[in-house]
$ cat run.cif   # mmCIF, N, CA and C atoms
data_upload
loop_
_atom_site.label_atom_id
_atom_site.label_comp_id
_atom_site.auth_asym_id
_atom_site.auth_seq_id
_atom_site.Cartn_x
_atom_site.Cartn_y
_atom_site.Cartn_z
N MET A 126 -17.99 -28.59 -2.46
CA MET A 126 -18.40 -27.34 -3.07
C MET A 126 -19.40 -27.66 -4.18
N LYS A 127 -20.57 -26.99 -4.13
CA LYS A 127 -21.57 -27.20 -5.17
C LYS A 127 -22.36 -25.92 -5.39
N ILE A 128 -22.88 -25.75 -6.59
CA ILE A 128 -23.66 -24.58 -6.92
C ILE A 128 -25.06 -24.75 -6.34
N GLU A 129 -25.56 -23.73 -5.67
CA GLU A 129 -26.91 -23.77 -5.08
C GLU A 129 -27.89 -23.06 -6.01
N PHE A 130 -28.53 -23.84 -6.87
CA PHE A 130 -29.51 -23.30 -7.81
C PHE A 130 -30.81 -22.98 -7.08
N GLU A 131 -31.43 -21.82 -7.43
CA GLU A 131 -32.70 -21.45 -6.83
C GLU A 131 -33.86 -21.63 -7.80
N ARG A 132 -33.71 -21.05 -9.02
CA ARG A 132 -34.81 -21.12 -9.98
C ARG A 132 -34.33 -20.64 -11.33
N LEU A 133 -35.15 -20.87 -12.34
CA LEU A 133 -34.93 -20.28 -13.64
C LEU A 133 -35.32 -18.82 -13.53
N ASN A 134 -34.44 -17.90 -13.88
CA ASN A 134 -34.71 -16.47 -13.79
C ASN A 134 -35.32 -15.95 -15.09
N HIS A 135 -34.67 -16.28 -16.22
CA HIS A 135 -35.20 -15.84 -17.50
C HIS A 135 -34.66 -16.72 -18.62
N ILE A 136 -35.29 -16.56 -19.77
CA ILE A 136 -34.83 -17.17 -21.01
C ILE A 136 -34.64 -16.03 -22.00
N MET A 137 -33.53 -16.05 -22.75
CA MET A 137 -33.33 -15.02 -23.76
C MET A 137 -33.45 -15.64 -25.14
N LEU A 138 -34.31 -15.04 -25.97
CA LEU A 138 -34.46 -15.43 -27.35
C LEU A 138 -33.94 -14.29 -28.22
N CYS A 139 -33.50 -14.61 -29.40
CA CYS A 139 -32.94 -13.59 -30.29
C CYS A 139 -33.83 -13.39 -31.51
N ILE A 140 -33.80 -12.16 -32.00
CA ILE A 140 -34.57 -11.76 -33.17
C ILE A 140 -33.61 -11.10 -34.16
N PRO A 141 -34.00 -10.99 -35.43
CA PRO A 141 -33.14 -10.28 -36.39
C PRO A 141 -33.06 -8.79 -36.03
N GLU A 142 -31.96 -8.18 -36.39
CA GLU A 142 -31.81 -6.74 -36.16
C GLU A 142 -32.95 -6.00 -36.84
N GLY A 143 -33.51 -5.00 -36.16
CA GLY A 143 -34.58 -4.19 -36.72
C GLY A 143 -35.98 -4.76 -36.51
N ALA A 144 -36.10 -5.90 -35.85
CA ALA A 144 -37.41 -6.55 -35.67
C ALA A 144 -38.02 -6.30 -34.29
N GLU A 145 -37.53 -5.28 -33.58
CA GLU A 145 -37.99 -5.04 -32.22
C GLU A 145 -39.50 -4.77 -32.14
N GLU A 146 -40.02 -3.94 -33.04
CA GLU A 146 -41.46 -3.64 -33.00
C GLU A 146 -42.30 -4.87 -33.33
N ALA A 147 -41.83 -5.69 -34.26
CA ALA A 147 -42.54 -6.94 -34.57
C ALA A 147 -42.52 -7.87 -33.36
N ALA A 148 -41.42 -7.87 -32.62
CA ALA A 148 -41.33 -8.70 -31.41
C ALA A 148 -42.31 -8.20 -30.35
N ARG A 149 -42.39 -6.88 -30.19
CA ARG A 149 -43.35 -6.31 -29.23
C ARG A 149 -44.78 -6.68 -29.64
N GLU A 150 -45.06 -6.59 -30.93
CA GLU A 150 -46.39 -6.91 -31.43
C GLU A 150 -46.73 -8.38 -31.16
N PHE A 151 -45.76 -9.28 -31.43
CA PHE A 151 -46.03 -10.70 -31.24
C PHE A 151 -46.12 -11.07 -29.75
N TYR A 152 -45.04 -10.77 -28.99
CA TYR A 152 -45.01 -11.22 -27.59
C TYR A 152 -45.98 -10.44 -26.70
N GLY A 153 -46.10 -9.13 -26.95
CA GLY A 153 -47.02 -8.32 -26.15
C GLY A 153 -48.44 -8.36 -26.67
N GLY A 154 -48.59 -8.23 -28.01
CA GLY A 154 -49.92 -8.20 -28.61
C GLY A 154 -50.55 -9.56 -28.75
N VAL A 155 -49.93 -10.43 -29.51
CA VAL A 155 -50.50 -11.76 -29.78
C VAL A 155 -50.51 -12.63 -28.53
N LEU A 156 -49.35 -12.77 -27.88
CA LEU A 156 -49.27 -13.65 -26.70
C LEU A 156 -49.78 -12.98 -25.43
N GLY A 157 -49.89 -11.65 -25.45
CA GLY A 157 -50.45 -10.95 -24.28
C GLY A 157 -49.52 -10.83 -23.10
N LEU A 158 -48.20 -10.93 -23.33
CA LEU A 158 -47.26 -10.80 -22.22
C LEU A 158 -47.07 -9.33 -21.87
N GLU A 159 -46.88 -9.06 -20.57
CA GLU A 159 -46.65 -7.71 -20.10
C GLU A 159 -45.19 -7.32 -20.34
N GLU A 160 -44.98 -6.21 -21.07
CA GLU A 160 -43.61 -5.74 -21.28
C GLU A 160 -43.15 -5.01 -20.02
N LEU A 161 -41.94 -5.33 -19.60
CA LEU A 161 -41.34 -4.69 -18.43
C LEU A 161 -40.55 -3.49 -18.92
N LYS A 162 -41.14 -2.30 -18.81
CA LYS A 162 -40.55 -1.12 -19.39
C LYS A 162 -39.74 -0.29 -18.41
N ASP A 163 -40.13 -0.25 -17.15
CA ASP A 163 -39.45 0.60 -16.19
C ASP A 163 -38.83 -0.24 -15.09
N MET A 164 -37.59 -0.65 -15.33
CA MET A 164 -36.87 -1.46 -14.36
C MET A 164 -36.05 -0.57 -13.41
N GLY A 165 -36.06 0.73 -13.66
CA GLY A 165 -35.26 1.63 -12.85
C GLY A 165 -33.84 1.79 -13.39
N TYR A 166 -33.57 1.13 -14.51
CA TYR A 166 -32.27 1.21 -15.17
C TYR A 166 -32.47 0.81 -16.62
N PRO A 167 -31.57 1.28 -17.50
CA PRO A 167 -31.71 0.89 -18.91
C PRO A 167 -31.40 -0.60 -19.10
N LEU A 168 -32.16 -1.22 -19.97
CA LEU A 168 -31.92 -2.64 -20.24
C LEU A 168 -30.69 -2.79 -21.11
N PRO A 169 -29.87 -3.82 -20.86
CA PRO A 169 -28.62 -3.97 -21.60
C PRO A 169 -28.83 -4.32 -23.07
N ASN A 170 -28.00 -3.76 -23.91
CA ASN A 170 -27.93 -4.11 -25.33
C ASN A 170 -29.26 -3.98 -26.07
N GLY A 171 -30.08 -3.03 -25.67
CA GLY A 171 -31.35 -2.82 -26.37
C GLY A 171 -32.36 -3.93 -26.19
N ALA A 172 -32.25 -4.69 -25.12
CA ALA A 172 -33.15 -5.82 -24.89
C ALA A 172 -34.58 -5.35 -24.62
N ILE A 173 -35.53 -6.23 -24.87
CA ILE A 173 -36.94 -6.04 -24.54
C ILE A 173 -37.28 -7.16 -23.56
N TRP A 174 -37.83 -6.79 -22.42
CA TRP A 174 -38.15 -7.79 -21.40
C TRP A 174 -39.66 -7.91 -21.22
N PHE A 175 -40.14 -9.15 -21.07
CA PHE A 175 -41.54 -9.43 -20.81
C PHE A 175 -41.64 -10.31 -19.55
N GLN A 176 -42.77 -10.18 -18.85
CA GLN A 176 -43.05 -11.07 -17.72
C GLN A 176 -43.72 -12.31 -18.27
N LEU A 177 -43.26 -13.47 -17.84
CA LEU A 177 -43.79 -14.75 -18.31
C LEU A 177 -44.00 -15.63 -17.08
N GLY A 178 -45.18 -15.52 -16.45
CA GLY A 178 -45.39 -16.21 -15.18
C GLY A 178 -44.44 -15.65 -14.15
N ASP A 179 -43.67 -16.53 -13.49
CA ASP A 179 -42.73 -16.04 -12.48
C ASP A 179 -41.30 -15.92 -13.01
N ILE A 180 -41.14 -15.98 -14.33
CA ILE A 180 -39.83 -15.75 -14.94
C ILE A 180 -39.97 -14.63 -15.98
N GLU A 181 -38.86 -14.24 -16.55
CA GLU A 181 -38.88 -13.21 -17.58
C GLU A 181 -38.45 -13.80 -18.91
N LEU A 182 -38.95 -13.19 -19.97
CA LEU A 182 -38.53 -13.52 -21.32
C LEU A 182 -37.79 -12.30 -21.84
N HIS A 183 -36.53 -12.46 -22.17
CA HIS A 183 -35.71 -11.37 -22.70
C HIS A 183 -35.54 -11.58 -24.20
N ILE A 184 -35.76 -10.52 -24.97
CA ILE A 184 -35.65 -10.56 -26.43
C ILE A 184 -34.56 -9.58 -26.81
N ARG A 185 -33.66 -9.99 -27.69
CA ARG A 185 -32.60 -9.08 -28.13
C ARG A 185 -32.25 -9.36 -29.58
N ALA A 186 -31.97 -8.28 -30.32
CA ALA A 186 -31.56 -8.42 -31.71
C ALA A 186 -30.17 -9.03 -31.78
N GLU A 187 -29.98 -9.86 -32.79
CA GLU A 187 -28.69 -10.55 -32.95
C GLU A 187 -28.39 -10.64 -34.44
N HIS A 188 -27.19 -10.27 -34.80
CA HIS A 188 -26.74 -10.40 -36.19
C HIS A 188 -26.53 -11.88 -36.49
N SER A 189 -26.96 -12.34 -37.63
CA SER A 189 -26.93 -13.77 -37.95
C SER A 189 -25.52 -14.36 -38.00
N SER A 190 -24.50 -13.53 -38.13
CA SER A 190 -23.13 -14.08 -38.21
C SER A 190 -22.49 -14.24 -36.83
N GLU A 191 -23.16 -13.77 -35.77
CA GLU A 191 -22.61 -13.89 -34.42
C GLU A 191 -22.85 -15.29 -33.85
N ILE A 192 -22.04 -15.65 -32.87
CA ILE A 192 -22.33 -16.86 -32.10
C ILE A 192 -23.54 -16.52 -31.25
N SER A 193 -24.54 -17.35 -31.27
CA SER A 193 -25.81 -17.03 -30.63
C SER A 193 -25.66 -16.75 -29.14
N GLN A 194 -26.39 -15.74 -28.70
CA GLN A 194 -26.42 -15.39 -27.28
C GLN A 194 -27.69 -15.92 -26.60
N ARG A 195 -28.50 -16.71 -27.32
CA ARG A 195 -29.69 -17.30 -26.70
C ARG A 195 -29.24 -18.10 -25.48
N HIS A 196 -30.05 -18.05 -24.42
CA HIS A 196 -29.63 -18.78 -23.22
C HIS A 196 -30.73 -18.83 -22.17
N PRO A 197 -30.63 -19.81 -21.27
CA PRO A 197 -31.40 -19.75 -20.03
C PRO A 197 -30.51 -19.06 -18.98
N ALA A 198 -31.14 -18.44 -18.01
CA ALA A 198 -30.40 -17.84 -16.90
C ALA A 198 -30.96 -18.41 -15.60
N PHE A 199 -30.07 -18.95 -14.79
CA PHE A 199 -30.47 -19.56 -13.53
C PHE A 199 -30.02 -18.71 -12.36
N GLU A 200 -30.93 -18.50 -11.40
CA GLU A 200 -30.55 -17.82 -10.16
C GLU A 200 -29.85 -18.83 -9.27
N VAL A 201 -28.78 -18.37 -8.64
CA VAL A 201 -28.04 -19.18 -7.68
C VAL A 201 -27.87 -18.38 -6.40
N LYS A 202 -27.58 -19.07 -5.32
CA LYS A 202 -27.35 -18.43 -4.03
C LYS A 202 -25.89 -18.06 -3.84
N ASN A 203 -24.98 -18.68 -4.60
CA ASN A 203 -23.55 -18.55 -4.34
C ASN A 203 -22.76 -18.39 -5.63
N LEU A 204 -22.90 -17.24 -6.24
CA LEU A 204 -22.31 -17.00 -7.56
C LEU A 204 -20.79 -17.17 -7.55
N GLU A 205 -20.11 -16.70 -6.53
CA GLU A 205 -18.65 -16.80 -6.52
C GLU A 205 -18.19 -18.24 -6.35
N VAL A 206 -18.93 -19.05 -5.62
CA VAL A 206 -18.62 -20.48 -5.52
C VAL A 206 -18.80 -21.13 -6.89
N ALA A 207 -19.87 -20.73 -7.59
CA ALA A 207 -20.12 -21.27 -8.94
C ALA A 207 -18.96 -20.90 -9.87
N ARG A 208 -18.51 -19.65 -9.82
CA ARG A 208 -17.38 -19.21 -10.65
C ARG A 208 -16.13 -20.05 -10.35
N GLU A 209 -15.84 -20.20 -9.07
CA GLU A 209 -14.65 -20.96 -8.66
C GLU A 209 -14.73 -22.41 -9.14
N LEU A 210 -15.89 -23.02 -9.01
CA LEU A 210 -16.07 -24.41 -9.43
C LEU A 210 -15.89 -24.55 -10.94
N LEU A 211 -16.50 -23.66 -11.71
CA LEU A 211 -16.38 -23.73 -13.17
C LEU A 211 -14.93 -23.53 -13.61
N GLU A 212 -14.28 -22.50 -13.06
CA GLU A 212 -12.89 -22.23 -13.42
C GLU A 212 -11.97 -23.38 -13.01
N LYS A 213 -12.26 -24.02 -11.89
CA LYS A 213 -11.49 -25.18 -11.45
C LYS A 213 -11.55 -26.31 -12.48
N HIS A 214 -12.67 -26.37 -13.20
CA HIS A 214 -12.85 -27.39 -14.23
C HIS A 214 -12.44 -26.88 -15.62
N GLY A 215 -11.75 -25.76 -15.67
CA GLY A 215 -11.24 -25.24 -16.93
C GLY A 215 -12.28 -24.58 -17.81
N ILE A 216 -13.40 -24.19 -17.23
CA ILE A 216 -14.47 -23.56 -18.01
C ILE A 216 -14.32 -22.05 -17.89
N ALA A 217 -14.20 -21.38 -19.02
CA ALA A 217 -14.03 -19.93 -19.04
C ALA A 217 -15.36 -19.26 -18.72
N VAL A 218 -15.33 -18.29 -17.81
CA VAL A 218 -16.52 -17.51 -17.50
C VAL A 218 -16.35 -16.11 -18.10
N ARG A 219 -17.47 -15.52 -18.47
CA ARG A 219 -17.47 -14.19 -19.09
C ARG A 219 -18.33 -13.27 -18.24
N ASN A 220 -17.74 -12.18 -17.77
CA ASN A 220 -18.53 -11.19 -17.04
C ASN A 220 -19.40 -10.45 -18.04
N ASP A 221 -20.70 -10.49 -17.82
CA ASP A 221 -21.63 -9.85 -18.73
C ASP A 221 -21.85 -8.39 -18.33
N SER A 222 -22.49 -7.62 -19.21
CA SER A 222 -22.72 -6.21 -18.92
C SER A 222 -23.46 -6.08 -17.59
N PRO A 223 -23.08 -5.06 -16.80
CA PRO A 223 -23.67 -4.93 -15.46
C PRO A 223 -25.15 -4.56 -15.48
N ILE A 224 -25.87 -5.11 -14.53
CA ILE A 224 -27.27 -4.76 -14.27
C ILE A 224 -27.33 -4.47 -12.77
N PRO A 225 -27.87 -3.33 -12.36
CA PRO A 225 -27.75 -2.90 -10.96
C PRO A 225 -28.27 -3.85 -9.89
N ASP A 226 -29.31 -4.63 -10.16
CA ASP A 226 -29.88 -5.45 -9.08
C ASP A 226 -29.39 -6.90 -9.05
N ARG A 227 -28.31 -7.17 -9.78
CA ARG A 227 -27.82 -8.56 -9.82
C ARG A 227 -26.34 -8.63 -10.17
N LYS A 228 -25.69 -9.67 -9.68
CA LYS A 228 -24.34 -10.03 -10.13
C LYS A 228 -24.55 -11.18 -11.11
N ARG A 229 -23.71 -11.24 -12.15
CA ARG A 229 -23.93 -12.29 -13.13
C ARG A 229 -22.70 -12.55 -13.96
N PHE A 230 -22.67 -13.74 -14.54
CA PHE A 230 -21.68 -14.08 -15.56
C PHE A 230 -22.27 -15.20 -16.41
N SER A 231 -21.62 -15.47 -17.52
CA SER A 231 -22.08 -16.57 -18.37
C SER A 231 -20.89 -17.44 -18.76
N PHE A 232 -21.22 -18.60 -19.28
CA PHE A 232 -20.21 -19.55 -19.75
C PHE A 232 -20.84 -20.39 -20.84
N ARG A 233 -20.03 -21.11 -21.56
CA ARG A 233 -20.51 -22.04 -22.60
C ARG A 233 -20.32 -23.47 -22.08
N ASP A 234 -21.34 -24.28 -22.28
CA ASP A 234 -21.18 -25.69 -21.93
C ASP A 234 -20.32 -26.37 -22.99
N PRO A 235 -19.97 -27.64 -22.83
CA PRO A 235 -19.10 -28.30 -23.81
C PRO A 235 -19.67 -28.37 -25.23
N PHE A 236 -20.95 -28.04 -25.38
CA PHE A 236 -21.61 -28.13 -26.68
C PHE A 236 -21.85 -26.76 -27.31
N GLY A 237 -21.34 -25.71 -26.67
CA GLY A 237 -21.45 -24.35 -27.19
C GLY A 237 -22.66 -23.57 -26.73
N ASN A 238 -23.51 -24.18 -25.89
CA ASN A 238 -24.68 -23.48 -25.38
C ASN A 238 -24.26 -22.46 -24.33
N ARG A 239 -24.81 -21.26 -24.41
CA ARG A 239 -24.53 -20.23 -23.41
C ARG A 239 -25.45 -20.43 -22.22
N ILE A 240 -24.91 -20.33 -21.02
CA ILE A 240 -25.68 -20.42 -19.78
C ILE A 240 -25.28 -19.23 -18.91
N GLU A 241 -26.26 -18.55 -18.36
CA GLU A 241 -26.00 -17.42 -17.48
C GLU A 241 -26.36 -17.81 -16.06
N LEU A 242 -25.53 -17.41 -15.12
CA LEU A 242 -25.83 -17.57 -13.70
C LEU A 242 -25.96 -16.18 -13.09
N ILE A 243 -26.95 -16.03 -12.21
CA ILE A 243 -27.28 -14.75 -11.60
C ILE A 243 -27.42 -14.92 -10.10
N GLU A 244 -26.90 -13.95 -9.36
CA GLU A 244 -27.21 -13.85 -7.93
C GLU A 244 -27.87 -12.49 -7.74
N MET A 245 -29.11 -12.50 -7.29
CA MET A 245 -29.85 -11.26 -7.09
C MET A 245 -29.31 -10.54 -5.87
N LEU A 246 -29.28 -9.21 -5.95
CA LEU A 246 -28.82 -8.38 -4.83
C LEU A 246 -30.03 -7.82 -4.10
N ALA A 247 -29.93 -7.80 -2.80
CA ALA A 247 -30.97 -7.26 -1.91
C ALA A 247 -32.33 -7.64 -2.28
#
$ encode --input "run.cif" --output "C-alpha cells"
Amino acid sequence: MKIEFERLNHIMLCIPEGAEEAAREFYGGVLGLEELKDMGYPLPNGAIWFQLGDIELHIRAEHSSEISQRHPAFEVKNLEVARELLEKHGIAVRNDSPIPDRKRFSFRDPFGNRIELIEMLA
C-alpha cells in the first residue's frame, strides 16, 4: 500500500487578520497573479486564491496565537488509501472544511508542519 502522488495542487500562505486588501494589492498588483474569484462556490475561511502557473496560491488571515495553517497541498489518486496508511502509522488526520470539487484532509508531520492531501472529483 502506497500513496499515489500526482502533483502539487497549491501552497497556502498566511497573512495578519485585516490584511486581505494589502495581499490582493501585492500578489495581484505587484506580482501580477490572476485572482481566482469565481470558483462556483465560496472559498473556505475567507481565503483569497491566485493562479500561479499550474498550481494555486491560497492566502488566508491567521491570528498570530494560532498554530500555523500554512501548508503545501498535494493531489493524490487514492485519498482513502493515504488516510488508512497514515492512521495505521498513528498519524491523526483532520477532515478539513468541504470544498465541492475535491475530497481532502490534512495532518501534521512529526515536526508540526501541516500537509494537506486532495483527491479531485470529476
$ residues_around --input "run.cif" --residues "range 127-139 of chain A" --least-positions-apart "4" --cutoff "10 Å" --atoms "only C-alpha atoms" --output "ChimeraX atom specification"
/A:144,148,172-177,179-189,193-211,240-245
$ resolve_selection --input "run.cif" --expression "the PyMOL selection byres ((chain A and resi 220) around 8)" --output "JSON, numbers by chain"
{"A": [217, 218, 219, 221, 222, 223, 229, 230, 231, 232]}
$ atom_distance --input "run.cif" --atom1 "atom N of Gly237 in chain A" --atom2 "atom C of Ile216 in chain A"
11.8 Å
$ atom_distance --input "run.cif" --atom1 "CA of Glu145 in chain A" --atom2 "CA of Leu168 in chain A"
13.6 Å
$ select_by_dssp --input "run.cif" --residues "chain A" --states "strand (DSSP E)" --output "short mmCIF file (atom, residue, chain, number, x, y, z; two decimals) with N, CA and C atoms, keeping the file's coordinate frame"
data_model
loop_
_atom_site.label_atom_id
_atom_site.label_comp_id
_atom_site.auth_asym_id
_atom_site.auth_seq_id
_atom_site.Cartn_x
_atom_site.Cartn_y
_atom_site.Cartn_z
N PHE A 130 -28.53 -23.84 -6.87
CA PHE A 130 -29.51 -23.30 -7.81
C PHE A 130 -30.81 -22.98 -7.08
N GLU A 131 -31.43 -21.82 -7.43
CA GLU A 131 -32.70 -21.45 -6.83
C GLU A 131 -33.86 -21.63 -7.80
N ARG A 132 -33.71 -21.05 -9.02
CA ARG A 132 -34.81 -21.12 -9.98
C ARG A 132 -34.33 -20.64 -11.33
N LEU A 133 -35.15 -20.87 -12.34
CA LEU A 133 -34.93 -20.28 -13.64
C LEU A 133 -35.32 -18.82 -13.53
N ASN A 134 -34.44 -17.90 -13.88
CA ASN A 134 -34.71 -16.47 -13.79
C ASN A 134 -35.32 -15.95 -15.09
N HIS A 135 -34.67 -16.28 -16.22
CA HIS A 135 -35.20 -15.84 -17.50
C HIS A 135 -34.66 -16.72 -18.62
N ILE A 136 -35.29 -16.56 -19.77
CA ILE A 136 -34.83 -17.17 -21.01
C ILE A 136 -34.64 -16.03 -22.00
N MET A 137 -33.53 -16.05 -22.75
CA MET A 137 -33.33 -15.02 -23.76
C MET A 137 -33.45 -15.64 -25.14
N LEU A 138 -34.31 -15.04 -25.97
CA LEU A 138 -34.46 -15.43 -27.35
C LEU A 138 -33.94 -14.29 -28.22
N CYS A 139 -33.50 -14.61 -29.40
CA CYS A 139 -32.94 -13.59 -30.29
C CYS A 139 -33.83 -13.39 -31.51
N ILE A 140 -33.80 -12.16 -32.00
CA ILE A 140 -34.57 -11.76 -33.17
C ILE A 140 -33.61 -11.10 -34.16
N GLU A 159 -46.88 -9.06 -20.57
CA GLU A 159 -46.65 -7.71 -20.10
C GLU A 159 -45.19 -7.32 -20.34
N GLU A 160 -44.98 -6.21 -21.07
CA GLU A 160 -43.61 -5.74 -21.28
C GLU A 160 -43.15 -5.01 -20.02
N ILE A 173 -35.53 -6.23 -24.87
CA ILE A 173 -36.94 -6.04 -24.54
C ILE A 173 -37.28 -7.16 -23.56
N TRP A 174 -37.83 -6.79 -22.42
CA TRP A 174 -38.15 -7.79 -21.40
C TRP A 174 -39.66 -7.91 -21.22
N PHE A 175 -40.14 -9.15 -21.07
CA PHE A 175 -41.54 -9.43 -20.81
C PHE A 175 -41.64 -10.31 -19.55
N GLN A 176 -42.77 -10.18 -18.85
CA GLN A 176 -43.05 -11.07 -17.72
C GLN A 176 -43.72 -12.31 -18.27
N LEU A 177 -43.26 -13.47 -17.84
CA LEU A 177 -43.79 -14.75 -18.31
C LEU A 177 -44.00 -15.63 -17.08
N ILE A 180 -41.14 -15.98 -14.33
CA ILE A 180 -39.83 -15.75 -14.94
C ILE A 180 -39.97 -14.63 -15.98
N GLU A 181 -38.86 -14.24 -16.55
CA GLU A 181 -38.88 -13.21 -17.58
C GLU A 181 -38.45 -13.80 -18.91
N LEU A 182 -38.95 -13.19 -19.97
CA LEU A 182 -38.53 -13.52 -21.32
C LEU A 182 -37.79 -12.30 -21.84
N HIS A 183 -36.53 -12.46 -22.17
CA HIS A 183 -35.71 -11.37 -22.70
C HIS A 183 -35.54 -11.58 -24.20
N ILE A 184 -35.76 -10.52 -24.97
CA ILE A 184 -35.65 -10.56 -26.43
C ILE A 184 -34.56 -9.58 -26.81
N ARG A 185 -33.66 -9.99 -27.69
CA ARG A 185 -32.60 -9.08 -28.13
C ARG A 185 -32.25 -9.36 -29.58
N ALA A 186 -31.97 -8.28 -30.32
CA ALA A 186 -31.56 -8.42 -31.71
C ALA A 186 -30.17 -9.03 -31.78
N HIS A 196 -30.05 -18.05 -24.42
CA HIS A 196 -29.63 -18.78 -23.22
C HIS A 196 -30.73 -18.83 -22.17
N PRO A 197 -30.63 -19.81 -21.27
CA PRO A 197 -31.40 -19.75 -20.03
C PRO A 197 -30.51 -19.06 -18.98
N ALA A 198 -31.14 -18.44 -18.01
CA ALA A 198 -30.40 -17.84 -16.90
C ALA A 198 -30.96 -18.41 -15.60
N PHE A 199 -30.07 -18.95 -14.79
CA PHE A 199 -30.47 -19.56 -13.53
C PHE A 199 -30.02 -18.71 -12.36
N GLU A 200 -30.93 -18.50 -11.40
CA GLU A 200 -30.55 -17.82 -10.16
C GLU A 200 -29.85 -18.83 -9.27
N VAL A 201 -28.78 -18.37 -8.64
CA VAL A 201 -28.04 -19.18 -7.68
C VAL A 201 -27.87 -18.38 -6.40
N VAL A 218 -15.33 -18.29 -17.81
CA VAL A 218 -16.52 -17.51 -17.50
C VAL A 218 -16.35 -16.11 -18.10
N ARG A 219 -17.47 -15.52 -18.47
CA ARG A 219 -17.47 -14.19 -19.09
C ARG A 219 -18.33 -13.27 -18.24
N ASN A 220 -17.74 -12.18 -17.77
CA ASN A 220 -18.53 -11.19 -17.04
C ASN A 220 -19.40 -10.45 -18.04
N ARG A 227 -28.31 -7.17 -9.78
CA ARG A 227 -27.82 -8.56 -9.82
C ARG A 227 -26.34 -8.63 -10.17
N LYS A 228 -25.69 -9.67 -9.68
CA LYS A 228 -24.34 -10.03 -10.13
C LYS A 228 -24.55 -11.18 -11.11
N ARG A 229 -23.71 -11.24 -12.15
CA ARG A 229 -23.93 -12.29 -13.13
C ARG A 229 -22.70 -12.55 -13.96
N PHE A 230 -22.67 -13.74 -14.54
CA PHE A 230 -21.68 -14.08 -15.56
C PHE A 230 -22.27 -15.20 -16.41
N SER A 231 -21.62 -15.47 -17.52
CA SER A 231 -22.08 -16.57 -18.37
C SER A 231 -20.89 -17.44 -18.76
N PHE A 232 -21.22 -18.60 -19.28
CA PHE A 232 -20.21 -19.55 -19.75
C PHE A 232 -20.84 -20.39 -20.84
N ARG A 233 -20.03 -21.11 -21.56
CA ARG A 233 -20.51 -22.04 -22.60
C ARG A 233 -20.32 -23.47 -22.08
N ARG A 239 -24.81 -21.26 -24.41
CA ARG A 239 -24.53 -20.23 -23.41
C ARG A 239 -25.45 -20.43 -22.22
N ILE A 240 -24.91 -20.33 -21.02
CA ILE A 240 -25.68 -20.42 -19.78
C ILE A 240 -25.28 -19.23 -18.91
N GLU A 241 -26.26 -18.55 -18.36
CA GLU A 241 -26.00 -17.42 -17.48
C GLU A 241 -26.36 -17.81 -16.06
N LEU A 242 -25.53 -17.41 -15.12
CA LEU A 242 -25.83 -17.57 -13.70
C LEU A 242 -25.96 -16.18 -13.09
N ILE A 243 -26.95 -16.03 -12.21
CA ILE A 243 -27.28 -14.75 -11.60
C ILE A 243 -27.42 -14.92 -10.10
N GLU A 244 -26.90 -13.95 -9.36
CA GLU A 244 -27.21 -13.85 -7.93
C GLU A 244 -27.87 -12.49 -7.74
N MET A 245 -29.11 -12.50 -7.29
CA MET A 245 -29.85 -11.26 -7.09
C MET A 245 -29.31 -10.54 -5.87
#
$ select_by_dssp --input "run.cif" --residues "range 127-226 of chain A" --states "helix (DSSP H, G or I)" --output "short mmCIF file (atom, residue, chain, number, x, y, z; two decimals) with N, CA and C atoms, in the coordinates of the input"
data_model
loop_
_atom_site.label_atom_id
_atom_site.label_comp_id
_atom_site.auth_asym_id
_atom_site.auth_seq_id
_atom_site.Cartn_x
_atom_site.Cartn_y
_atom_site.Cartn_z
N GLU A 145 -37.53 -5.28 -33.58
CA GLU A 145 -37.99 -5.04 -32.22
C GLU A 145 -39.50 -4.77 -32.14
N GLU A 146 -40.02 -3.94 -33.04
CA GLU A 146 -41.46 -3.64 -33.00
C GLU A 146 -42.30 -4.87 -33.33
N ALA A 147 -41.83 -5.69 -34.26
CA ALA A 147 -42.54 -6.94 -34.57
C ALA A 147 -42.52 -7.87 -33.36
N ALA A 148 -41.42 -7.87 -32.62
CA ALA A 148 -41.33 -8.70 -31.41
C ALA A 148 -42.31 -8.20 -30.35
N ARG A 149 -42.39 -6.88 -30.19
CA ARG A 149 -43.35 -6.31 -29.23
C ARG A 149 -44.78 -6.68 -29.64
N GLU A 150 -45.06 -6.59 -30.93
CA GLU A 150 -46.39 -6.91 -31.43
C GLU A 150 -46.73 -8.38 -31.16
N PHE A 151 -45.76 -9.28 -31.43
CA PHE A 151 -46.03 -10.70 -31.24
C PHE A 151 -46.12 -11.07 -29.75
N TYR A 152 -45.04 -10.77 -28.99
CA TYR A 152 -45.01 -11.22 -27.59
C TYR A 152 -45.98 -10.44 -26.70
N GLY A 153 -46.10 -9.13 -26.95
CA GLY A 153 -47.02 -8.32 -26.15
C GLY A 153 -48.44 -8.36 -26.67
N GLY A 154 -48.59 -8.23 -28.01
CA GLY A 154 -49.92 -8.20 -28.61
C GLY A 154 -50.55 -9.56 -28.75
N VAL A 155 -49.93 -10.43 -29.51
CA VAL A 155 -50.50 -11.76 -29.78
C VAL A 155 -50.51 -12.63 -28.53
N PRO A 169 -29.87 -3.82 -20.86
CA PRO A 169 -28.62 -3.97 -21.60
C PRO A 169 -28.83 -4.32 -23.07
N ASN A 170 -28.00 -3.76 -23.91
CA ASN A 170 -27.93 -4.11 -25.33
C ASN A 170 -29.26 -3.98 -26.07
N GLY A 171 -30.08 -3.03 -25.67
CA GLY A 171 -31.35 -2.82 -26.37
C GLY A 171 -32.36 -3.93 -26.19
N LEU A 204 -22.90 -17.24 -6.24
CA LEU A 204 -22.31 -17.00 -7.56
C LEU A 204 -20.79 -17.17 -7.55
N GLU A 205 -20.11 -16.70 -6.53
CA GLU A 205 -18.65 -16.80 -6.52
C GLU A 205 -18.19 -18.24 -6.35
N VAL A 206 -18.93 -19.05 -5.62
CA VAL A 206 -18.62 -20.48 -5.52
C VAL A 206 -18.80 -21.13 -6.89
N ALA A 207 -19.87 -20.73 -7.59
CA ALA A 207 -20.12 -21.27 -8.94
C ALA A 207 -18.96 -20.90 -9.87
N ARG A 208 -18.51 -19.65 -9.82
CA ARG A 208 -17.38 -19.21 -10.65
C ARG A 208 -16.13 -20.05 -10.35
N GLU A 209 -15.84 -20.20 -9.07
CA GLU A 209 -14.65 -20.96 -8.66
C GLU A 209 -14.73 -22.41 -9.14
N LEU A 210 -15.89 -23.02 -9.01
CA LEU A 210 -16.07 -24.41 -9.43
C LEU A 210 -15.89 -24.55 -10.94
N LEU A 211 -16.50 -23.66 -11.71
CA LEU A 211 -16.38 -23.73 -13.17
C LEU A 211 -14.93 -23.53 -13.61
N GLU A 212 -14.28 -22.50 -13.06
CA GLU A 212 -12.89 -22.23 -13.42
C GLU A 212 -11.97 -23.38 -13.01
N LYS A 213 -12.26 -24.02 -11.89
CA LYS A 213 -11.49 -25.18 -11.45
C LYS A 213 -11.55 -26.31 -12.48
#
